[in-house]
Amino acid sequence: MLVTRLAFGLGTIVALFGGVHATCSGDIEIKSQEDVDQLKTCRIFSGNVVVDQTGLMEFTLRGVELLEGNLIIHSNDGLQKVNMPHLQAINGQLRLTSNKVLHTLNMPMLSILRQFEMSVHPALKDLRFPMGLNQVDQFTVTDTTITRIEGLNMNRIRTLSVTNNIYLKQVSAANLTRVMGHITLSANSAALVADFNKIRELDVGTFRNLAGLGLKDLSMVTGDLSFISNSFEQLELPSLSRVAGTLTLSENIRLSKLSMPTLSHLGGALSLASNTELASINAFPKLEEVVGSLDIVGSFHEFDLPALADVRGGLNVQTSSDHFNCDSVNKLRNGVIKGNSFTCRARVSNPKSGRPGGANGKDLVFEDAATSLGRTWTMILFPALAFAYMVY
């Protein structure tokens, strides 16, 4: 099978599809299925399509393969089904919000989006992209009852946010290698397992309330990285070497095995707190430099950072253990800890973080240093995304 890759601008796209007719452009507000059917002769529609507070029970968008604009479906109290059988790409936003009885969403051909947003859908069980969502810049799903998200095939994304979906137990992005902005998973099902094993680089990562998490290929974080209130028993990041911001592990009450064997540099602080099953702080054998501070509190018996040479902030080490002594920590006074604050205490009934608001606070108190069109599959060159045509 011969595969030819060509880059196209909008003019070439329009020419390929035969041009945009006058009746296939302009913003349209949908109030009935008859309004929708006006578009069924348009392979390309240029404009925004808004379905807002209608009496529709079913919305079916036929004919349109490329939408140059936004598709907004909002607050339709009786809407139960949304069908988009031919739609392959949206150069804009697909936003579905507050359609409270929507239970069926069919998008069999959709593979390219600029933004996807879904929120407040208490009747929807599944979110699927059967063709595979191959290109998307921002992806947000919040406050739904979906149990799984399928078809996330993109290899890079700017932001990925999946929050407050209390029945969501499975999400994966098997091809995702780079997150240019933030990735946030929080307050979903307590049984949620997330597979992001191919991510190599991300800006900011926040992972909360997870039962399992895979980040085996993660090597670089250009901002903060946080793991808070998770229920997994082990966290292994074998490839992680640098975090430009703060690394936080807090209130992971079942975490007993932690391993970051190649981490050598932290551009912010190292904050570990209330990980009650973590008996040894020995997960960072190659950590040499911490530009922020060390804030490590819990019930651990052992503290070992053998390669540590430079901490530009202060130090706060507190544990409730009767078997811990501060001898190894006190050695760090001699040229390693540059900050003014230095606290090491054992047998503390209530170990306290040095961060305002506890271990989840933002700043350390002593941180002082610093898809197909027949036989053609279309991938479009949008300004914010690297798209191409693939003809085979």
# chains A, B, ... in the order shown; residues from 1 in each chain; ligands from 1
>>> select_by_dssp(residues="region 30-214 of chain A", states="strand (DSSP E or B)", output="PyMOL selection string")
chain A and resi 30+44-46+49-52+58-60+66-68+71-74+81-83+89-97+104-106+112-121+126-133+135+138-144+148-152+156-157+159-163+170-172+178-186+193-195+201-208+212-214
>>> residues_around(residues="Met118 (chain A)", least_positions_apart="5", cutoff="10 Å", atoms="only C-alpha atoms", output="PyMOL selection string")
chain A and resi 73-74+94-99+127+139-144+162
>>> closest_residue(among="A:Ser32, A:Gln93, A:Thr248, A:Thr41", to="Ser293 (chain A)", atoms="only C-alpha atoms")
A:Thr248
>>> closest_residue(among="A:Asp310, A:Asp27, A:Asp295, A:Glu65", to="Asn48 (chain A)", atoms="only C-alpha atoms")
A:Asp27
>>> residues_around(residues="region 337-349 of chain A", least_positions_apart="2", cutoff="8 Å", atoms="only C-alpha atoms", output="PyMOL selection string")
chain A and resi 293+310-322+324-326+329-330+332-335+351+366-369
>>> residues_around(residues="region 260-267 of chain A", least_positions_apart="6", cutoff="12 Å", atoms="only C-alpha atoms", output="JSON, numbers by chain")
{"A": [215, 216, 217, 218, 219, 220, 221, 222, 223, 224, 225, 234, 235, 236, 237, 238, 239, 240, 241, 242, 243, 244, 245, 246, 247, 248, 281, 282, 283, 284, 285, 286, 287, 288, 289, 290, 291, 292, 293, 294, 305, 306, 307, 308, 309, 310, 311, 312, 313, 367, 369, 370]}
>>> write_last_selection(atoms="C-alpha atoms", output="PDB file, in the first residue's frame")
ATOM      1  CA  LEU A 215       4.385   6.503  33.448  1.00  0.00           C
ATOM      2  CA  LYS A 216       7.292   4.221  32.596  1.00  0.00           C
ATOM      3  CA  ASP A 217       8.759   6.313  29.749  1.00  0.00           C
ATOM      4  CA  LEU A 218       8.436   9.714  31.431  1.00  0.00           C
ATOM      5  CA  SER A 219      11.879  11.322  31.416  1.00  0.00           C
ATOM      6  CA  MET A 220      11.353  15.085  31.619  1.00  0.00           C
ATOM      7  CA  VAL A 221       8.894  17.370  33.433  1.00  0.00           C
ATOM      8  CA  THR A 222       9.221  21.086  32.682  1.00  0.00           C
ATOM      9  CA  GLY A 223       6.983  22.185  35.562  1.00  0.00           C
ATOM     10  CA  ASP A 224       5.513  20.611  38.711  1.00  0.00           C
ATOM     11  CA  LEU A 225       4.654  16.938  39.165  1.00  0.00           C
ATOM     12  CA  GLN A 234       3.610   1.315  44.093  1.00  0.00           C
ATOM     13  CA  LEU A 235       4.822   4.098  41.848  1.00  0.00           C
ATOM     14  CA  GLU A 236       7.761   3.496  39.553  1.00  0.00           C
ATOM     15  CA  LEU A 237       9.207   6.119  37.214  1.00  0.00           C
ATOM     16  CA  PRO A 238      12.331   4.378  35.912  1.00  0.00           C
ATOM     17  CA  SER A 239      13.133   6.935  33.207  1.00  0.00           C
ATOM     18  CA  LEU A 240      12.514  10.227  35.014  1.00  0.00           C
ATOM     19  CA  SER A 241      15.726  12.276  35.203  1.00  0.00           C
ATOM     20  CA  ARG A 242      14.668  15.916  35.641  1.00  0.00           C
ATOM     21  CA  VAL A 243      11.729  17.832  37.110  1.00  0.00           C
ATOM     22  CA  ALA A 244      11.990  21.576  36.570  1.00  0.00           C
ATOM     23  CA  GLY A 245       9.451  22.359  39.275  1.00  0.00           C
ATOM     24  CA  THR A 246       8.331  20.769  42.548  1.00  0.00           C
ATOM     25  CA  LEU A 247       7.828  17.040  43.028  1.00  0.00           C
ATOM     26  CA  THR A 248       4.980  16.324  45.473  1.00  0.00           C
ATOM     27  CA  ILE A 281      12.798   7.365  51.840  1.00  0.00           C
ATOM     28  CA  ASN A 282      15.327   5.731  49.525  1.00  0.00           C
ATOM     29  CA  ALA A 283      13.689   6.143  46.123  1.00  0.00           C
ATOM     30  CA  PHE A 284      16.121   8.776  44.817  1.00  0.00           C
ATOM     31  CA  PRO A 285      19.634   7.263  44.725  1.00  0.00           C
ATOM     32  CA  LYS A 286      20.902   9.681  42.038  1.00  0.00           C
ATOM     33  CA  LEU A 287      19.275  12.897  43.215  1.00  0.00           C
ATOM     34  CA  GLU A 288      22.066  15.479  43.336  1.00  0.00           C
ATOM     35  CA  GLU A 289      20.462  18.909  43.178  1.00  0.00           C
ATOM     36  CA  VAL A 290      17.296  20.439  44.640  1.00  0.00           C
ATOM     37  CA  VAL A 291      16.866  24.104  43.776  1.00  0.00           C
ATOM     38  CA  GLY A 292      13.997  24.426  46.268  1.00  0.00           C
ATOM     39  CA  SER A 293      13.719  22.763  49.666  1.00  0.00           C
ATOM     40  CA  LEU A 294      13.299  19.323  51.195  1.00  0.00           C
ATOM     41  CA  LEU A 305      19.717  10.477  49.643  1.00  0.00           C
ATOM     42  CA  PRO A 306      23.269   9.269  48.946  1.00  0.00           C
ATOM     43  CA  ALA A 307      24.056  11.507  45.958  1.00  0.00           C
ATOM     44  CA  LEU A 308      22.594  14.744  47.329  1.00  0.00           C
ATOM     45  CA  ALA A 309      25.101  17.587  46.989  1.00  0.00           C
ATOM     46  CA  ASP A 310      23.158  20.837  46.764  1.00  0.00           C
ATOM     47  CA  VAL A 311      19.860  21.994  48.304  1.00  0.00           C
ATOM     48  CA  ARG A 312      19.374  25.720  47.896  1.00  0.00           C
ATOM     49  CA  GLY A 313      16.396  25.964  50.206  1.00  0.00           C
ATOM     50  CA  GLU A 367      12.028  27.993  49.868  1.00  0.00           C
ATOM     51  CA  ALA A 369      16.446  30.323  46.577  1.00  0.00           C
ATOM     52  CA  ALA A 370      14.918  30.652  43.912  1.00  0.00           C
TER      53      ALA A 370
END
>>> decode(residues="region 241-254 of chain A", atoms="all heavy atoms", output="compact mmCIF listing (two decimals), in the first residue's frame")
# COMPACT_ATOMS: atom_id res chain seq x y z
N SER A 241 14.41 11.75 34.83
CA SER A 241 15.73 12.28 35.20
C SER A 241 15.68 13.71 35.71
O SER A 241 16.53 14.10 36.53
CB SER A 241 16.69 12.19 34.02
OG SER A 241 16.23 12.99 32.93
N ARG A 242 14.71 14.51 35.24
CA ARG A 242 14.67 15.92 35.64
C ARG A 242 13.23 16.38 35.82
O ARG A 242 12.36 16.08 35.00
CB ARG A 242 15.34 16.82 34.60
CG ARG A 242 16.83 16.59 34.44
CD ARG A 242 17.41 17.46 33.34
NE ARG A 242 17.37 18.88 33.69
CZ ARG A 242 18.32 19.50 34.38
NH1 ARG A 242 19.38 18.84 34.82
NH2 ARG A 242 18.23 20.80 34.64
N VAL A 243 13.00 17.14 36.88
CA VAL A 243 11.73 17.83 37.11
C VAL A 243 12.09 19.29 37.34
O VAL A 243 12.81 19.61 38.29
CB VAL A 243 10.96 17.26 38.32
CG1 VAL A 243 9.69 18.07 38.57
CG2 VAL A 243 10.61 15.79 38.09
N ALA A 244 11.61 20.17 36.48
CA ALA A 244 11.99 21.58 36.57
C ALA A 244 11.29 22.30 37.71
O ALA A 244 11.75 23.36 38.14
CB ALA A 244 11.70 22.28 35.25
N GLY A 245 10.19 21.75 38.18
CA GLY A 245 9.45 22.36 39.27
C GLY A 245 9.52 21.51 40.54
O GLY A 245 10.53 20.88 40.82
N THR A 246 8.41 21.49 41.28
CA THR A 246 8.33 20.77 42.55
C THR A 246 7.77 19.36 42.34
O THR A 246 6.82 19.17 41.57
CB THR A 246 7.46 21.55 43.54
OG1 THR A 246 8.15 22.75 43.92
CG2 THR A 246 7.14 20.76 44.78
N LEU A 247 8.33 18.42 43.02
CA LEU A 247 7.83 17.04 43.03
C LEU A 247 7.11 16.81 44.35
O LEU A 247 7.72 16.92 45.43
CB LEU A 247 8.97 16.05 42.88
CG LEU A 247 8.61 14.56 43.03
CD1 LEU A 247 7.59 14.13 41.98
CD2 LEU A 247 9.88 13.70 42.93
N THR A 248 5.81 16.50 44.28
CA THR A 248 4.98 16.32 45.47
C THR A 248 4.37 14.93 45.49
O THR A 248 3.78 14.49 44.50
CB THR A 248 3.84 17.36 45.51
OG1 THR A 248 4.39 18.68 45.53
CG2 THR A 248 2.95 17.16 46.73
N LEU A 249 4.52 14.24 46.60
CA LEU A 249 3.81 12.99 46.87
C LEU A 249 3.18 13.12 48.23
O LEU A 249 3.89 13.21 49.24
CB LEU A 249 4.76 11.79 46.83
CG LEU A 249 5.35 11.46 45.46
CD1 LEU A 249 6.77 11.93 45.36
CD2 LEU A 249 5.24 9.96 45.19
N SER A 250 1.85 13.14 48.27
CA SER A 250 1.16 13.45 49.51
C SER A 250 -0.10 12.60 49.67
O SER A 250 -0.87 12.43 48.72
CB SER A 250 0.77 14.94 49.53
OG SER A 250 -0.01 15.25 50.64
N GLU A 251 -0.29 12.06 50.85
CA GLU A 251 -1.51 11.36 51.23
C GLU A 251 -1.83 10.17 50.34
O GLU A 251 -2.99 9.84 50.11
CB GLU A 251 -2.69 12.35 51.28
CG GLU A 251 -2.47 13.47 52.29
CD GLU A 251 -3.59 14.48 52.32
OE1 GLU A 251 -4.61 14.26 51.63
OE2 GLU A 251 -3.44 15.50 53.00
N ASN A 252 -0.77 9.52 49.86
CA ASN A 252 -0.94 8.27 49.13
C ASN A 252 -0.84 7.15 50.17
O ASN A 252 0.23 6.59 50.41
CB ASN A 252 0.15 8.15 48.07
CG ASN A 252 0.14 9.34 47.11
OD1 ASN A 252 -0.77 9.48 46.29
ND2 ASN A 252 1.13 10.21 47.24
N ILE A 253 -1.96 6.85 50.80
CA ILE A 253 -1.94 6.11 52.07
C ILE A 253 -1.59 4.63 51.92
O ILE A 253 -1.29 3.97 52.91
CB ILE A 253 -3.28 6.25 52.81
CG1 ILE A 253 -4.44 5.70 51.96
CG2 ILE A 253 -3.53 7.70 53.20
CD1 ILE A 253 -5.77 5.67 52.70
N ARG A 254 -1.59 4.10 50.69
CA ARG A 254 -1.20 2.70 50.48
C ARG A 254 0.16 2.57 49.81
O ARG A 254 0.64 1.45 49.60
CB ARG A 254 -2.26 1.98 49.65
CG ARG A 254 -3.61 1.89 50.34
CD ARG A 254 -4.61 1.13 49.48
NE ARG A 254 -5.93 1.09 50.11
CZ ARG A 254 -7.01 0.58 49.53
NH1 ARG A 254 -6.94 0.06 48.30
NH2 ARG A 254 -8.17 0.58 50.16
